[in-house]
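> Sending over a structure as structure tokens; questions will come in a sec.
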Amino acid sequence: MAALPMQSPSLNASDVPETRLDLPVEGMTCAACVRRVEKALNDVGGVRSAQVNLATRRATVTFGEGATTFDALAAAVAKAGYELVRPAPVEETKEASEPEEREQRELRRSVTFAAVLTVPLLVVAMSHGLWPWTTTLPGRWLQFLLATPVVFGPGRRFFRLAWIALAHRAADMNTLIAIGTGAAWIYSTVALVAPGVFPHASHGLVPHLYFEAAAAILTFVLLGKLLETRARKHLADAVKGLVALAPKTAHRLRGDIEEDVPSATLLPGDTILVRPGERLPADGEVVRGRSAVDESMLTGESLPVDKTEGSPAFGGTLNQSGALTVRVTKTGKEGALARIIEAVEQAQGSKAPIARLADRVSAVFVPVVLAIAAVTFAVWLALDPTSQGVATAIERFVAVLVIACPCALGLATPAAVAVGTGRGAELGVLVKGGASLEAASRVNLVLFDKTGTLTTGKPTLTDVVSVTGEGSDELLALAASAESSSEHPLARAVVTAAREKTLAIAPSYDFRSVVGAGVEATIGDARVRVGTAAWLRDGGVDPEPLAREAENLARQGRTPFFVARADRLAGLVAVADRPAAEAAPALADLRAMGIDTAMITGDRRSTAEAIASELGIATVFAEVRPEDKARIVSEQRAKGHVVAMVGDGINDAPALAGAHVGVAIGSGADVAVAAADVALLRGGIGGLVTALRLGRATLRTIRQNLFWAFVYNVVGIPIAAGLLYPWTGWLLSPVIASAAMSLSSVSVLTNSLRLRRFAL
């Protein structure tokens, strides 16, 4: 058995090389499954740590280099009743979503099939004699014919998984489902085929049937599984969206010959041509050309970065204005985009699924119920060993199992989540499942990206300062006239401001632009320069009269440009990415909820601190790369904070995936929205407060639901077992047990529907 190649080498405390594998796991359905797989992997010799994620169905295993093999890991997992899948090549893993889609198709067919049979079954069973034929033998056989295909069709997966758990001396939600539905179906079938075995048949009473309970439980649980697979698909979409940023074809240069080759074949040292409007296929260094490159996917900075000879360039970034010749320096997993993809995958793999109370208690609850049922049967049989006593013992045994049937328990979480997420969508907040709502309810620290989240994401004109005595509108019109031929976003901001004021923009001639410096053009009979202080000095203009003003504006996070006409300083204009209108009110609401806030951005510290000061944010992490954003999120989690990360850019995806709750602005990058747990559909951060308050309300409802789901079991099981019979004469027949079970479900659903009235 050969060990798999090392995927992510590092040195541990003992300086022994370490291997980390991220492997798919099939067959898991609940938290109990996660615990069993983790235990199996951690027990393998040489394994240092194993973490299993139910949401992504993957196991991350770390072990000393060469200390174990995939076959050894797979054997341990198989012994626990699950399957460890050998990883596919990276390219196939990123592109393939067929397993998830296949599982979703199968679940959709199962839910549809089960619902088509369960709905008429519920109508017949719950009519309670409204139509006389439903209580006759044909009506009872109709219930059997409707329920049986559901139990042994879509429902057989739960019996198989329950058997696997039983084979490993464990119990989980599948065990509860299998016991409850199996007991209901078996009891009902016996009552249909041989009603005389039940004691009350001698009194002319027809035994009650529970076929509708078995079918309804399975249908609801399958629906919940379908919703889970849809949520998991978003995780794969995030990675696929990142991969799509890298162009599949590159223009490689061999001397003067240009050839189109697959980007995957590029090697360090190759020279490539990147035209305006194209994305870079690999990391490299500019060897010829000038351009502005949009690096927002890496830095979050909305302004493009000027590139000249010697400038670094990164794969996946967008070339905007000029052609660049780039020498490739890094390819494959070494590139900046590949590092972001890896960061997203690692963050997703470390995220724990919702901690369902039902899963946590099932390991104790199921054996206890089985023990009570067995003891009940034995005691009643000992009291009356006759045939009549055997029938009574069976009835008591089934009554205990029916009252313990997890219908309400299975509804407690998904019902509240369904109503909560639906209400969120009505309010413009898309929440991707119960885990996100649960985590949102506990958030005590929110980290905000700056550009496009706290700010508008677009530079706008903020200041116009004149030194010649002419009005600000005249100076703005002059600057806009000179910038009108430029495609730079800062120039566009000046021109847009002039047009909004309906100022006359004069035609320009002999336009010239210098990347990183400024522009010049002839306006009327005068030469006009707009740009940096150095750019004006090169033209013989002294910017000193406005140097202090420009410095003050820069400290406020604004970008000043000097304007000169006919070799004389005319004034300056400044642009900035201003705070969004809803930012300040949202931050005030968060502080009122007792939630701390901080800014985390790739922008310059001076700009970040200026915006933070204006919005009342005390903590600022500035000039941060994407992988460092994810690291800061992890550090805050390690300090005990429940962290929400809010962003809108591709560069935010690793941090969004790594936070307890990733919140994406719905108008932002598709990859950010896919990597996030919550998307604010109406744009802006105003919906964040809604999402967090909705999370708190939903978790409160789930806890109430679980209480009502369990209280019927706690009260009903002793009565069903006959514990009170010697003193009160009370016996809980399966009919009453079924009614109690139905009442618990009604309580759970009614309580969940109260979330429809949720409002701020």
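Letters A, B, ... go to the chains of the structure tokens in the order shown; residues in each chain start at 1; ligands are counted from 1 in the same order.
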Output as a count of residues only all residues of segment 415-536 of chain A that backbone DSSP marks as strand (DSSP E or B).
34
> Any idea what's packed within 10 Å of segment 586-588 of chain A, counting only C-alpha atoms, ignoring anything in its chain fewer than 2 positions away? Could you give it as a ChimeraX atom specification?
/A:446,454,581-584,590-593,595-597,615-617,684-690
> To one decimal in Å, tell me the separation between atom CA of Leu503 of chain A and atom CA of Ala477 of chain A.
6.1 Å
> For atom CA of Asn651 of chain A and atom CA of Glu627 of chain A, determine how far apart the two atoms are, in Å to one decimal place.
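Interatomic distance, atom CA of Asn651 of chain A to atom CA of Glu627 of chain A: 8.6 Å.
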> Could you work out how far atom CA of Phe448 of chain A lies from atom CA of Gly602 of chain A, giving the answer in Å with one decimal?
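Here the two named atoms are 11.5 Å from each other.
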> Do a neighbour search on segment 521-537 of chain A at 10 Å with only C-alpha atoms, toss out local chain neighbours closer than 2 positions, and write the hits as a PyMOL selection string.
chain A and resi 478-485+491+505-514+516-519+539-544+546-547+550+559-573
> Could you give me, as a PyMOL selection string, each residue of segment 240-299 of chain A that DSSP assigns to helix (DSSP H, G or I) when run on this structure's backbone?
chain A and resi 240-243+263-265+296-299
> May I have the residues from that selection written out with N, CA and C atoms, as a PDB file, in the first residue's frame?

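The file below, out_8.pdb, is the result:
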```pdb
ATOM      1  N   LYS A 240     -16.055  26.672  -7.409  1.00  0.00           N
ATOM      2  CA  LYS A 240     -16.173  26.686  -8.865  1.00  0.00           C
ATOM      3  C   LYS A 240     -16.113  28.108  -9.406  1.00  0.00           C
ATOM      4  N   GLY A 241     -16.731  29.063  -8.693  1.00  0.00           N
ATOM      5  CA  GLY A 241     -16.687  30.454  -9.132  1.00  0.00           C
ATOM      6  C   GLY A 241     -15.287  31.021  -9.101  1.00  0.00           C
ATOM      7  N   LEU A 242     -14.495  30.635  -8.118  1.00  0.00           N
ATOM      8  CA  LEU A 242     -13.112  31.097  -8.055  1.00  0.00           C
ATOM      9  C   LEU A 242     -12.289  30.520  -9.197  1.00  0.00           C
ATOM     10  N   VAL A 243     -12.456  29.243  -9.449  1.00  0.00           N
ATOM     11  CA  VAL A 243     -11.713  28.601 -10.530  1.00  0.00           C
ATOM     12  C   VAL A 243     -12.033  29.264 -11.870  1.00  0.00           C
ATOM     13  N   SER A 263      -3.940  27.390 -20.276  1.00  0.00           N
ATOM     14  CA  SER A 263      -3.249  28.044 -19.163  1.00  0.00           C
ATOM     15  C   SER A 263      -2.559  27.033 -18.258  1.00  0.00           C
ATOM     16  N   ALA A 264      -3.121  25.823 -18.179  1.00  0.00           N
ATOM     17  CA  ALA A 264      -2.542  24.798 -17.308  1.00  0.00           C
ATOM     18  C   ALA A 264      -1.166  24.355 -17.767  1.00  0.00           C
ATOM     19  N   THR A 265      -0.804  24.637 -19.034  1.00  0.00           N
ATOM     20  CA  THR A 265       0.497  24.212 -19.556  1.00  0.00           C
ATOM     21  C   THR A 265       1.580  25.260 -19.367  1.00  0.00           C
ATOM     22  N   SER A 296      -9.109  43.929  -7.270  1.00  0.00           N
ATOM     23  CA  SER A 296     -10.060  43.917  -6.152  1.00  0.00           C
ATOM     24  C   SER A 296     -10.294  42.510  -5.625  1.00  0.00           C
ATOM     25  N   MET A 297     -10.161  41.484  -6.483  1.00  0.00           N
ATOM     26  CA  MET A 297     -10.337  40.108  -6.025  1.00  0.00           C
ATOM     27  C   MET A 297      -9.298  39.716  -4.991  1.00  0.00           C
ATOM     28  N   LEU A 298      -8.145  40.406  -4.997  1.00  0.00           N
ATOM     29  CA  LEU A 298      -7.081  40.111  -4.043  1.00  0.00           C
ATOM     30  C   LEU A 298      -7.073  41.057  -2.854  1.00  0.00           C
ATOM     31  N   THR A 299      -7.231  42.349  -3.151  1.00  0.00           N
ATOM     32  CA  THR A 299      -7.031  43.353  -2.108  1.00  0.00           C
ATOM     33  C   THR A 299      -8.316  43.943  -1.563  1.00  0.00           C
TER      34      THR A 299
END
```
> Within 7 Å of segment 628-640 of chain A, counting only C-alpha atoms, which residues show up once you throw out same-chain ones fewer than 2 positions away? Write them as an mmCIF file with C-alpha atoms, in the first residue's frame, please.

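File written: selection01.cif
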```
data_model
loop_
_atom_site.group_PDB
_atom_site.id
_atom_site.type_symbol
_atom_site.label_atom_id
_atom_site.label_comp_id
_atom_site.auth_asym_id
_atom_site.auth_seq_id
_atom_site.Cartn_x
_atom_site.Cartn_y
_atom_site.Cartn_z
ATOM 1 C CA ILE A 600 -10.734 44.369 8.079
ATOM 2 C CA VAL A 624 -4.543 42.882 4.779
ATOM 3 C CA ARG A 625 -4.206 40.229 2.046
ATOM 4 C CA PRO A 626 -7.058 37.719 1.477
ATOM 5 C CA VAL A 642 -18.553 34.150 17.614
ATOM 6 C CA VAL A 643 -17.548 35.942 14.439
ATOM 7 C CA PRO A 654 -11.880 32.848 2.378
ATOM 8 C CA ALA A 655 -12.775 35.033 5.367
ATOM 9 C CA GLY A 658 -13.948 30.840 7.726
ATOM 10 C CA ALA A 659 -16.240 32.895 9.950
#
```
> For segment 276-282 of chain A, work out the shell of residues within 12 Å, counting only C-alpha atoms and skipping chain neighbours fewer than 5 positions away, then give it as a ChimeraX atom specification.
/A:243-252,260-271,289-295,297,312-338,487
> Which of these, A:Leu146, A:Val711, A:Val77, A:Leu461, has the shortest distance to Ala493 of chain A once you count only C-alpha atoms?
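Of the candidates, the smallest distance to Ala493 of chain A is held by A:Leu461.
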